[in-house]
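For reference, data_9.cif is printed below; it contains mmCIF, C-alpha atoms.
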data_start
#
loop_
_atom_site.label_atom_id
_atom_site.label_comp_id
_atom_site.auth_asym_id
_atom_site.auth_seq_id
_atom_site.Cartn_x
_atom_site.Cartn_y
_atom_site.Cartn_z
CA ASN A 1370 93.62 53.61 -141.46
CA ILE A 1371 96.53 52.54 -139.24
CA ASN A 1372 96.12 49.61 -136.86
CA TYR A 1373 98.73 48.28 -134.46
CA GLU A 1374 97.93 46.36 -131.26
CA ALA A 1375 95.94 48.78 -129.04
CA THR A 1376 96.31 51.72 -131.46
CA ASP A 1377 93.92 52.63 -134.27
CA ILE A 1378 94.19 55.85 -136.33
CA SER A 1379 91.46 56.57 -138.88
CA GLN A 1380 92.94 59.78 -140.25
CA LEU A 1381 96.25 61.60 -139.78
CA ALA A 1382 97.45 64.77 -141.49
CA ALA A 1383 101.04 65.99 -141.14
CA ASP A 1384 102.90 69.10 -142.24
CA ILE A 1385 106.60 68.84 -141.44
CA LYS A 1386 109.33 71.32 -142.30
CA LEU A 1387 112.72 70.57 -140.74
CA ASP A 1388 116.06 72.30 -140.90
CA LEU A 1389 118.46 69.59 -139.71
CA GLN A 1390 121.25 72.14 -139.28
CA ASP A 1391 118.96 74.24 -137.03
CA THR A 1392 119.87 77.49 -138.78
CA GLN A 1393 116.25 78.20 -139.68
CA PRO A 1394 113.11 77.60 -137.59
CA SER A 1395 111.44 74.23 -138.13
CA SER A 1396 107.77 73.37 -137.80
CA VAL A 1397 105.78 70.19 -137.22
CA SER A 1398 101.98 69.99 -137.32
CA LEU A 1399 100.05 66.77 -136.71
CA ASP A 1400 96.26 66.48 -136.82
CA GLY A 1401 94.68 63.10 -136.10
CA SER A 1402 91.05 62.02 -135.75
CA GLY A 1403 89.10 58.87 -135.07
CA LEU A 1404 91.81 57.36 -132.87
CA VAL A 1405 92.04 54.57 -130.35
CA LEU A 1406 95.10 54.91 -128.09
CA ALA A 1407 95.78 52.26 -125.43
CA ASN A 1408 92.24 50.99 -126.04
CA GLN A 1409 90.78 54.43 -125.24
CA PRO A 1410 88.72 56.28 -127.89
CA VAL A 1411 90.06 59.71 -128.87
CA ASP A 1412 88.18 62.16 -131.07
CA SER A 1413 91.16 64.25 -132.07
CA VAL A 1414 94.82 64.97 -131.38
CA GLN A 1415 96.51 68.16 -132.51
CA LEU A 1416 100.24 68.72 -132.00
CA THR A 1417 102.27 71.74 -133.13
CA LEU A 1418 106.00 72.39 -132.65
CA ARG A 1419 107.68 75.53 -133.96
CA GLY A 1420 111.14 77.05 -133.62
CA TYR A 1421 114.69 75.88 -133.08
CA VAL A 1422 116.02 72.97 -131.04
CA ARG A 1423 117.37 75.50 -128.53
CA ASP A 1424 114.22 77.67 -128.54
CA HIS A 1425 110.78 76.35 -129.53
CA SER A 1426 107.10 76.19 -128.60
CA ILE A 1427 104.83 73.17 -128.20
CA ARG A 1428 101.04 73.03 -128.31
CA LEU A 1429 98.98 69.91 -127.71
CA ALA A 1430 95.21 69.38 -127.67
CA VAL A 1431 93.52 66.02 -127.07
CA SER A 1432 89.81 65.27 -126.73
CA GLN A 1433 87.69 62.17 -126.23
CA PRO A 1434 84.12 61.62 -127.48
CA GLU A 1435 81.40 62.96 -125.18
CA ASP A 1436 79.97 59.47 -124.80
CA ALA A 1437 83.31 58.01 -123.64
CA GLN A 1438 83.54 56.86 -120.03
CA THR A 1439 85.75 59.76 -118.96
CA ALA A 1440 85.09 62.22 -121.87
CA ALA A 1441 88.53 63.68 -121.18
CA ARG A 1442 90.00 66.84 -122.71
CA LEU A 1443 93.55 68.16 -122.44
CA ALA A 1444 95.22 71.30 -123.78
CA LEU A 1445 98.70 72.60 -123.03
CA GLU A 1446 101.27 75.07 -124.28
CA ALA A 1447 104.97 75.09 -123.40
CA THR A 1448 108.09 76.93 -124.49
CA GLY A 1449 111.69 75.90 -124.00
CA GLY A 1450 114.82 74.50 -125.57
CA LEU A 1451 117.27 71.63 -125.54
CA VAL A 1452 120.78 72.56 -124.38
CA ASP A 1453 123.50 70.06 -123.35
CA ALA A 1454 121.02 67.14 -123.48
CA GLN A 1455 118.74 68.91 -120.98
CA TRP A 1456 115.35 70.36 -121.90
CA ARG A 1457 114.52 73.50 -119.96
CA GLY A 1458 111.29 75.37 -120.40
CA THR A 1459 108.04 76.73 -119.05
CA LEU A 1460 104.59 75.18 -119.03
CA ARG A 1461 102.51 78.25 -119.81
CA GLU A 1462 99.00 76.85 -120.15
CA LEU A 1463 97.37 73.64 -119.00
CA SER A 1464 93.69 72.80 -118.86
CA MET A 1465 92.05 69.43 -118.54
CA ALA A 1466 88.65 67.99 -117.88
CA ALA A 1467 87.34 64.48 -117.30
CA ARG A 1468 84.50 62.71 -115.62
CA PRO A 1469 84.17 62.59 -112.68
CA VAL A 1470 86.99 64.91 -111.52
CA GLY A 1471 85.73 68.00 -113.38
CA ASP A 1472 87.52 70.91 -115.03
CA TRP A 1473 91.04 71.94 -113.94
CA ARG A 1474 93.24 74.82 -115.07
CA LEU A 1475 96.82 75.86 -114.36
CA GLU A 1476 96.97 78.84 -112.00
CA LYS A 1477 100.17 80.33 -113.45
CA PRO A 1478 103.15 79.21 -115.59
CA PHE A 1479 105.95 77.19 -113.98
CA ALA A 1480 109.42 76.00 -114.96
CA LEU A 1481 110.20 72.44 -116.05
CA THR A 1482 113.44 70.54 -116.73
CA ALA A 1483 113.85 67.07 -118.22
CA GLY A 1484 116.82 64.93 -119.17
CA ALA A 1485 118.26 61.44 -118.95
CA SER A 1486 119.85 62.07 -115.55
CA SER A 1487 117.52 64.59 -113.91
CA ALA A 1488 114.08 66.17 -114.11
CA GLY A 1489 112.17 68.68 -112.07
CA ALA A 1490 109.12 70.88 -111.73
CA GLU A 1491 108.90 74.12 -109.78
CA PRO A 1492 105.86 74.59 -107.50
CA PHE A 1493 102.59 74.78 -109.45
CA CYS A 1494 98.87 74.65 -108.74
CA LEU A 1495 95.80 73.49 -110.63
CA ARG A 1496 92.44 74.98 -109.72
CA GLN A 1497 89.15 73.22 -110.25
CA SER A 1498 86.03 75.05 -111.41
CA ARG A 1499 84.14 73.69 -108.36
CA GLY A 1500 86.68 75.06 -105.86
CA ALA A 1501 89.20 72.26 -105.32
CA SER A 1502 92.95 72.74 -105.80
CA LEU A 1503 95.96 70.52 -106.43
CA CYS A 1504 99.51 71.81 -105.90
CA ALA A 1505 102.79 69.94 -106.40
CA GLU A 1506 106.52 70.19 -107.00
CA GLY A 1507 109.30 67.68 -107.50
CA ASP A 1508 112.93 66.98 -108.33
CA TRP A 1509 114.48 63.72 -109.58
CA GLN A 1510 118.19 62.92 -109.79
CA ALA A 1511 119.40 59.62 -111.24
CA GLN A 1512 122.53 59.76 -109.05
CA GLY A 1513 121.28 61.82 -106.15
CA LYS A 1514 118.32 62.85 -104.05
CA THR A 1515 114.75 62.60 -105.27
CA SER A 1516 112.09 64.71 -103.58
CA GLY A 1517 108.53 65.80 -104.14
CA GLU A 1518 105.39 66.96 -102.42
CA PHE A 1519 101.73 67.57 -103.20
CA SER A 1520 98.59 68.92 -101.57
CA LEU A 1521 94.94 68.45 -102.51
CA SER A 1522 92.14 70.44 -100.94
CA LYS A 1523 88.34 70.56 -100.98
CA LEU A 1524 87.56 67.88 -103.56
CA ALA A 1525 83.82 67.21 -103.15
CA LEU A 1526 82.89 63.55 -102.71
CA SER A 1527 79.56 64.19 -104.42
CA GLN A 1528 81.41 64.35 -107.76
CA PHE A 1529 81.96 60.60 -107.55
CA ALA A 1530 78.32 59.68 -106.95
CA GLU A 1531 78.19 57.40 -110.02
CA TYR A 1532 80.78 55.13 -108.36
CA PHE A 1533 78.98 54.86 -105.00
CA PRO A 1534 77.34 51.55 -104.05
CA ALA A 1535 73.63 51.43 -104.90
CA SER A 1536 72.77 51.62 -101.19
CA ILE A 1537 74.36 55.09 -100.84
CA VAL A 1538 71.91 57.75 -102.00
CA ARG A 1539 74.00 60.76 -101.06
CA LEU A 1540 77.42 61.33 -99.51
CA GLY A 1541 78.67 64.75 -98.44
CA GLY A 1542 82.10 65.95 -97.37
CA GLU A 1543 85.31 67.08 -99.01
CA LEU A 1544 88.61 65.26 -99.50
CA SER A 1545 91.91 66.93 -98.66
CA ALA A 1546 95.33 65.27 -98.73
CA GLU A 1547 99.04 66.02 -98.65
CA GLY A 1548 102.17 64.01 -99.12
CA LYS A 1549 105.97 64.26 -99.20
CA LEU A 1550 108.73 62.06 -100.59
CA ASN A 1551 112.48 62.19 -99.95
CA GLN A 1552 114.75 59.48 -101.27
CA LEU A 1553 118.53 59.19 -101.27
CA ASN A 1554 119.85 56.00 -99.68
CA ASP A 1555 116.59 55.34 -97.81
CA THR A 1556 113.00 56.25 -98.59
CA ASP A 1557 111.04 58.70 -96.45
CA ALA A 1558 107.46 59.00 -97.70
CA ARG A 1559 104.49 60.43 -95.84
CA ILE A 1560 100.85 60.92 -96.82
CA SER A 1561 97.79 62.06 -94.94
CA ALA A 1562 94.20 62.36 -96.09
CA ARG A 1563 91.06 63.74 -94.50
CA VAL A 1564 87.39 63.71 -95.40
CA SER A 1565 85.42 66.46 -93.72
CA PRO A 1566 82.21 65.55 -91.83
CA GLY A 1567 79.06 65.55 -93.93
CA GLU A 1568 75.69 64.07 -94.70
CA LEU A 1569 75.20 60.38 -95.49
CA VAL A 1570 71.92 59.05 -96.86
CA VAL A 1571 71.60 55.29 -97.29
CA GLN A 1572 68.84 53.05 -98.54
CA ASP A 1573 67.92 50.20 -96.20
CA ALA A 1574 66.69 46.73 -97.18
CA SER A 1575 63.08 47.92 -97.37
CA GLY A 1576 63.99 50.72 -99.77
CA GLU A 1577 63.55 53.49 -97.21
CA ALA A 1578 66.11 56.32 -97.14
CA GLN A 1579 67.91 56.72 -93.82
CA GLN A 1580 69.73 59.97 -93.13
CA LEU A 1581 72.89 59.82 -91.06
CA ASN A 1582 75.78 62.12 -90.27
CA HIS A 1583 79.33 60.92 -90.76
CA GLY A 1584 82.19 62.35 -88.76
CA GLY A 1585 84.63 62.22 -91.63
CA LEU A 1586 87.71 60.11 -92.11
CA GLU A 1587 91.39 60.49 -91.26
CA LEU A 1588 94.19 58.45 -92.81
CA GLU A 1589 97.94 58.64 -92.25
CA ALA A 1590 100.64 56.47 -93.79
CA ASN A 1591 104.41 56.68 -94.00
CA ILE A 1592 107.48 54.72 -95.03
CA VAL A 1593 110.57 55.35 -92.89
CA ASP A 1594 113.68 53.27 -92.14
CA LYS A 1595 112.73 50.30 -94.37
CA GLY A 1596 109.33 49.97 -92.70
CA ALA A 1597 105.80 51.25 -93.22
CA ARG A 1598 102.99 52.14 -90.87
CA GLY A 1599 99.57 53.70 -91.09
CA LYS A 1600 96.43 54.50 -89.16
CA LEU A 1601 92.79 55.13 -89.99
CA ARG A 1602 89.86 56.61 -88.13
CA SER A 1603 86.30 57.02 -89.35
CA GLN A 1604 82.85 57.59 -87.86
CA VAL A 1605 79.37 57.01 -89.29
CA GLY A 1606 76.49 57.83 -87.01
CA THR A 1607 77.37 56.30 -83.63
CA THR A 1608 79.75 53.73 -85.15
CA THR A 1609 83.47 54.47 -84.85
CA LEU A 1610 86.31 52.54 -86.46
CA GLU A 1611 89.99 52.94 -85.59
CA ALA A 1612 92.76 50.86 -87.12
CA SER A 1613 96.54 50.88 -87.23
CA ALA A 1614 99.01 48.71 -89.11
CA ARG A 1615 102.80 48.30 -89.16
CA LEU A 1616 105.08 46.53 -91.60
CA PRO A 1617 108.47 47.01 -89.88
CA ASP A 1618 110.60 45.35 -92.57
CA LEU A 1619 108.61 46.01 -95.76
CA LEU A 1620 111.55 47.43 -97.76
CA ALA A 1621 114.18 45.22 -96.13
CA VAL A 1622 112.89 41.82 -97.31
CA THR A 1623 113.29 40.66 -100.89
CA ASP A 1624 110.08 38.59 -100.80
CA LYS A 1625 107.30 41.06 -99.95
CA ASN A 1626 104.98 38.13 -99.14
CA ARG A 1627 107.19 37.41 -96.12
CA ALA A 1628 107.04 40.94 -94.67
CA ARG A 1629 105.73 41.01 -91.10
CA LEU A 1630 102.36 42.65 -90.46
CA GLU A 1631 101.30 43.97 -87.07
CA GLY A 1632 98.11 45.84 -86.37
CA GLU A 1633 95.22 46.79 -84.13
CA LEU A 1634 91.51 47.23 -84.85
CA GLN A 1635 88.93 48.88 -82.61
CA LEU A 1636 85.23 49.06 -83.48
CA SER A 1637 82.57 50.77 -81.40
CA ALA A 1638 79.04 50.10 -82.66
CA PRO A 1639 76.27 50.84 -80.17
CA ASP A 1640 73.69 50.58 -82.98
CA LEU A 1641 74.13 47.14 -84.55
CA GLU A 1642 71.20 47.75 -86.92
CA LEU A 1643 73.40 50.12 -88.95
CA ILE A 1644 76.05 47.42 -89.43
#
Structure encoded using structure tokens:
Amino acid sequence: NINYEATDISQLAADIKLDLQDTQPSSVSLDGSGLVLANQPVDSVQLTLRGYVRDHSIRLAVSQPEDAQTAARLALEATGGLVDAQWRGTLRELSMAARPVGDWRLEKPFALTAGASSAGAEPFCLRQSRGASLCAEGDWQAQGKTSGEFSLSKLALSQFAEYFPASIVRLGGELSAEGKLNQLNDTDARISARVSPGELVVQDASGEAQQLNHGGLELEANIVDKGARGKLRSQVGTTTLEASARLPDLLAVTDKNRARLEGELQLSAPDLELI
């Protein structure tokens, strides 16, 4: 048993064979069980590294107990090597699952680089078993431009039913989003999100279920030229909400509590009983 702050390891087995001169392949195998990492229960962790510093493979598998809040599982396999203080390789397999986001799997291998002064990932996509997808790419330079982008499509809201307020019986629709980041001297960040129209069933004060249709939701936000702005539009039944906000000097002021906020709010609610 090993205990340290938020870490608890009941059992750990290790098989380590190292050639410090890197003339022969080395191997490291770790197998842990009954763990608590960052206050999260973990059933098992298995890590295997084999090969040379310049050419090796990595396998990692992590699983949580089924009765844990997220019951997460992760498995990955990568190959690569360390040359001139820069790790370059390929993530060949990646699968993960957790409540409530479901099961996700890497569509195809992609290249990765990592070092003290730069890191990057070529375009990659994760596909969910229920039809959603998440794609991303990015590049970071300690002394240069940082950029990245992502897109999420068709993530069903019904997956998150356990987190809905008790008054919401059912909520339909799918979430899609995309975002971009470019940073050199100034930050240029943009994100947009949409929820497709769908069914909404709520429980009123008498306990009766009331079926409505929602018109979806649209959200846009960006940071450009030291300022930030965003807008939101949503519709439930005959009620429509539109809002916009601007923080023109958000990144220019040192005390964020003193940043100016400007905005507008419009609400149209012909049926006040719903509100």
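Relative to CA of Leu1481 (chain A), CA of Glu1446 (chain A) is found at 12.4 Å.
Close contacts of region 1454-1462 of chain A, defined as residues with an atom at most 8 Å away when counting all atoms listed in the file, with chain neighbours fewer than 4 positions off set aside, comprise A:Ala1444, A:Leu1445, A:Glu1446, A:Ala1447, A:Thr1448, A:Gly1449, A:Gly1450, A:Arg1474, A:Leu1475, A:Lys1477, A:Pro1478, A:Phe1479, A:Ala1480, A:Leu1481, A:Thr1482, A:Ala1483, A:Gly1484, A:Ala1485.
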What does the file look like for those residues with C-alpha atoms, as a JSON list (two decimals), keeping the file's coordinate frame?
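What ended up in out_29.json:
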[["chain", "number", "residue", "atom", "x", "y", "z"],
["A", 1444, "ALA", "CA", 95.22, 71.30, -123.78],
["A", 1445, "LEU", "CA", 98.70, 72.60, -123.03],
["A", 1446, "GLU", "CA", 101.27, 75.07, -124.28],
["A", 1447, "ALA", "CA", 104.97, 75.09, -123.40],
["A", 1448, "THR", "CA", 108.09, 76.93, -124.49],
["A", 1449, "GLY", "CA", 111.69, 75.90, -124.00],
["A", 1450, "GLY", "CA", 114.82, 74.50, -125.57],
["A", 1474, "ARG", "CA", 93.24, 74.82, -115.07],
["A", 1475, "LEU", "CA", 96.82, 75.86, -114.36],
["A", 1477, "LYS", "CA", 100.17, 80.33, -113.45],
["A", 1478, "PRO", "CA", 103.15, 79.21, -115.59],
["A", 1479, "PHE", "CA", 105.95, 77.19, -113.98],
["A", 1480, "ALA", "CA", 109.42, 76.00, -114.96],
["A", 1481, "LEU", "CA", 110.20, 72.44, -116.05],
["A", 1482, "THR", "CA", 113.44, 70.54, -116.73],
["A", 1483, "ALA", "CA", 113.85, 67.07, -118.22],
["A", 1484, "GLY", "CA", 116.82, 64.93, -119.17],
["A", 1485, "ALA", "CA", 118.26, 61.44, -118.95]]
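This file gives the following result for the PyMOL selection byres ((chain A and resi 1537-1539) around 6): Pro1534, Ala1535, Ser1536, Leu1540, Leu1569, Val1570 and Val1571 of chain A.
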Original post:
How many Å lie between CA of Ile1385 (chain A) and CA of Asp1424 (chain A), rounded to one decimal?
Top reply: 17.4 Å
**OP:** Might you spell out which residues the PyMOL selection byres ((chain A and resi 1512) around 10) would select in the displayed file, as a VMD selection string?
**Re:** chain A and resid 1486 to 1487 1509 to 1511 1513 to 1515 1553
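Using all atoms listed in the file for every distance, the candidate list A:Arg1559, A:Asp1377, A:Cys1494, A:Gly1542 yields A:Arg1559 as the residue closest to Gly1517 (chain A).
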Subject >> Residues matched by the PyMOL selection byres ((chain A and resi 1463-1468) around 12) as a ChimeraX atom specification >> reply: /A:1427-1447,1459-1462,1469-1479,1493-1499,1528-1532
**OP:** Could you give me, as a ChimeraX atom specification, the residues within 12 Å of Gly1548 (chain A), counting all atoms listed in the file and dropping anything in the same chain fewer than 3 positions from it?
**Re:** /A:1503-1507,1516-1521,1545,1551,1557-1562,1588-1592
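Atom pair CA of Leu1641 (chain A) / CA of Arg1602 (chain A) has a distance of 18.7 Å (rounded to one decimal).
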Subject >> Distance query Gly1606 (chain A) at most 10 Å, all atoms listed in the file, self and fewer than 5 positions along chain excluded, as number ranges by chain >> reply: A: 1568-1569, 1580-1584, 1638-1640, 1643
May I have the selected residues written with C-alpha atoms, as an mmCIF file, in the frame of the given file?
data_model
loop_
_atom_site.group_PDB
_atom_site.id
_atom_site.type_symbol
_atom_site.label_atom_id
_atom_site.label_comp_id
_atom_site.auth_asym_id
_atom_site.auth_seq_id
_atom_site.Cartn_x
_atom_site.Cartn_y
_atom_site.Cartn_z
ATOM 1 C CA GLU A 1568 75.690 64.070 -94.700
ATOM 2 C CA LEU A 1569 75.200 60.380 -95.490
ATOM 3 C CA GLN A 1580 69.730 59.970 -93.130
ATOM 4 C CA LEU A 1581 72.890 59.820 -91.060
ATOM 5 C CA ASN A 1582 75.780 62.120 -90.270
ATOM 6 C CA HIS A 1583 79.330 60.920 -90.760
ATOM 7 C CA GLY A 1584 82.190 62.350 -88.760
ATOM 8 C CA ALA A 1638 79.040 50.100 -82.660
ATOM 9 C CA PRO A 1639 76.270 50.840 -80.170
ATOM 10 C CA ASP A 1640 73.690 50.580 -82.980
ATOM 11 C CA LEU A 1643 73.400 50.120 -88.950
#
Subject >> Gly1401 (chain A) environment, 12 Å, all atoms listed in the file, sequence neighbours closer than 5 positions dropped, as a count of residues only >> reply: 22
Around all the atoms of region 1492-1495 of chain A listed in the file, with 5 Å of room on each side, what axis-aligned box do you get, giving centre and edge lengths in Å to one decimal, as lines of an AutoDock Vina configuration file?
center_x = 100.8
center_y = 74.1
center_z = -109.1
size_x = 20.1
size_y = 11.3
size_z = 13.1
Original post:
Using only C-alpha atoms, which of the listed residues (A:Gly1420, A:Gly1585, A:Pro1410, A:Gly1632) sits closest to Arg1598 (chain A)?
Top reply: A:Gly1632
Original post:
Thr1609 (chain A): which residues within 7 Å, counting only C-alpha atoms, same-chain residues fewer than 5 positions away excluded, as a ChimeraX atom specification?
Top reply: /A:1603-1604,1636-1638
With N, CA and C atoms as the goal, would you fill in the gaps in region 1449-1480 of chain A and present it as an mmCIF file, in the coordinates of the input?
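What landed in out34.cif:
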data_model
loop_
_atom_site.group_PDB
_atom_site.id
_atom_site.type_symbol
_atom_site.label_atom_id
_atom_site.label_comp_id
_atom_site.auth_asym_id
_atom_site.auth_seq_id
_atom_site.Cartn_x
_atom_site.Cartn_y
_atom_site.Cartn_z
ATOM 1 N N GLY A 1449 110.424 76.316 -124.596
ATOM 2 C CA GLY A 1449 111.690 75.900 -124.000
ATOM 3 C C GLY A 1449 112.707 75.555 -125.063
ATOM 4 N N GLY A 1450 113.763 74.863 -124.641
ATOM 5 C CA GLY A 1450 114.820 74.500 -125.570
ATOM 6 C C GLY A 1450 115.691 73.399 -125.011
ATOM 7 N N LEU A 1451 116.377 72.715 -125.904
ATOM 8 C CA LEU A 1451 117.270 71.630 -125.540
ATOM 9 C C LEU A 1451 118.707 72.121 -125.623
ATOM 10 N N VAL A 1452 119.393 72.116 -124.473
ATOM 11 C CA VAL A 1452 120.780 72.560 -124.380
ATOM 12 C C VAL A 1452 121.549 71.544 -123.540
ATOM 13 N N ASP A 1453 122.669 71.023 -124.071
ATOM 14 C CA ASP A 1453 123.500 70.060 -123.350
ATOM 15 C C ASP A 1453 122.679 68.868 -122.854
ATOM 16 N N ALA A 1454 121.840 68.330 -123.753
ATOM 17 C CA ALA A 1454 121.020 67.140 -123.480
ATOM 18 C C ALA A 1454 120.020 67.353 -122.352
ATOM 19 N N GLN A 1455 119.708 68.605 -122.027
ATOM 20 C CA GLN A 1455 118.740 68.910 -120.980
ATOM 21 C C GLN A 1455 117.698 69.871 -121.541
ATOM 22 N N TRP A 1456 116.420 69.469 -121.456
ATOM 23 C CA TRP A 1456 115.350 70.360 -121.900
ATOM 24 C C TRP A 1456 114.929 71.242 -120.730
ATOM 25 N N ARG A 1457 114.942 72.538 -120.980
ATOM 26 C CA ARG A 1457 114.520 73.500 -119.960
ATOM 27 C C ARG A 1457 113.451 74.392 -120.568
ATOM 28 N N GLY A 1458 112.358 74.565 -119.842
ATOM 29 C CA GLY A 1458 111.290 75.370 -120.400
ATOM 30 C C GLY A 1458 110.259 75.760 -119.375
ATOM 31 N N THR A 1459 109.133 76.250 -119.883
ATOM 32 C CA THR A 1459 108.040 76.730 -119.050
ATOM 33 C C THR A 1459 106.726 76.184 -119.571
ATOM 34 N N LEU A 1460 105.949 75.581 -118.684
ATOM 35 C CA LEU A 1460 104.590 75.180 -119.030
ATOM 36 C C LEU A 1460 103.702 76.403 -118.804
ATOM 37 N N ARG A 1461 103.223 76.980 -119.891
ATOM 38 C CA ARG A 1461 102.510 78.250 -119.810
ATOM 39 C C ARG A 1461 101.012 78.086 -119.643
ATOM 40 N N GLU A 1462 100.440 77.075 -120.254
ATOM 41 C CA GLU A 1462 99.000 76.850 -120.150
ATOM 42 C C GLU A 1462 98.737 75.360 -120.013
ATOM 43 N N LEU A 1463 97.799 75.022 -119.161
ATOM 44 C CA LEU A 1463 97.370 73.640 -119.000
ATOM 45 C C LEU A 1463 95.928 73.640 -118.525
ATOM 46 N N SER A 1464 95.083 72.988 -119.272
ATOM 47 C CA SER A 1464 93.690 72.800 -118.860
ATOM 48 C C SER A 1464 93.288 71.379 -119.185
ATOM 49 N N MET A 1465 92.505 70.796 -118.315
ATOM 50 C CA MET A 1465 92.050 69.430 -118.540
ATOM 51 C C MET A 1465 90.716 69.216 -117.857
ATOM 52 N N ALA A 1466 89.962 68.306 -118.421
ATOM 53 C CA ALA A 1466 88.650 67.990 -117.880
ATOM 54 C C ALA A 1466 88.369 66.514 -118.127
ATOM 55 N N ALA A 1467 87.700 65.892 -117.172
ATOM 56 C CA ALA A 1467 87.340 64.480 -117.300
ATOM 57 C C ALA A 1467 86.276 64.160 -116.269
ATOM 58 N N ARG A 1468 85.426 63.213 -116.614
ATOM 59 C CA ARG A 1468 84.500 62.710 -115.620
ATOM 60 C C ARG A 1468 85.232 61.685 -114.757
ATOM 61 N N PRO A 1469 85.035 61.704 -113.445
ATOM 62 C CA PRO A 1469 84.170 62.590 -112.680
ATOM 63 C C PRO A 1469 84.913 63.741 -111.994
ATOM 64 N N VAL A 1470 86.196 63.968 -112.307
ATOM 65 C CA VAL A 1470 86.990 64.910 -111.520
ATOM 66 C C VAL A 1470 86.761 66.365 -111.891
ATOM 67 N N GLY A 1471 86.082 66.634 -113.022
ATOM 68 C CA GLY A 1471 85.730 68.000 -113.380
ATOM 69 C C GLY A 1471 86.787 68.733 -114.185
ATOM 70 N N ASP A 1472 86.646 70.056 -114.243
ATOM 71 C CA ASP A 1472 87.520 70.910 -115.030
ATOM 72 C C ASP A 1472 88.628 71.502 -114.159
ATOM 73 N N TRP A 1473 89.874 71.434 -114.654
ATOM 74 C CA TRP A 1473 91.040 71.940 -113.940
ATOM 75 C C TRP A 1473 91.850 72.839 -114.862
ATOM 76 N N ARG A 1474 92.448 73.883 -114.274
ATOM 77 C CA ARG A 1474 93.240 74.820 -115.070
ATOM 78 C C ARG A 1474 94.467 75.259 -114.278
ATOM 79 N N LEU A 1475 95.587 75.413 -114.989
ATOM 80 C CA LEU A 1475 96.820 75.860 -114.360
ATOM 81 C C LEU A 1475 96.681 77.290 -113.868
ATOM 82 N N GLU A 1476 97.112 77.517 -112.603
ATOM 83 C CA GLU A 1476 96.970 78.840 -112.000
ATOM 84 C C GLU A 1476 97.923 79.845 -112.622
ATOM 85 N N LYS A 1477 99.180 79.454 -112.828
ATOM 86 C CA LYS A 1477 100.170 80.330 -113.450
ATOM 87 C C LYS A 1477 101.303 79.479 -114.012
ATOM 88 N N PRO A 1478 102.075 79.994 -114.985
ATOM 89 C CA PRO A 1478 103.150 79.210 -115.590
ATOM 90 C C PRO A 1478 104.197 78.784 -114.553
ATOM 91 N N PHE A 1479 104.873 77.659 -114.851
ATOM 92 C CA PHE A 1479 105.950 77.190 -113.980
ATOM 93 C C PHE A 1479 107.036 76.552 -114.816
ATOM 94 N N ALA A 1480 108.246 76.502 -114.254
ATOM 95 C CA ALA A 1480 109.420 76.000 -114.960
ATOM 96 C C ALA A 1480 109.519 74.486 -114.862
#
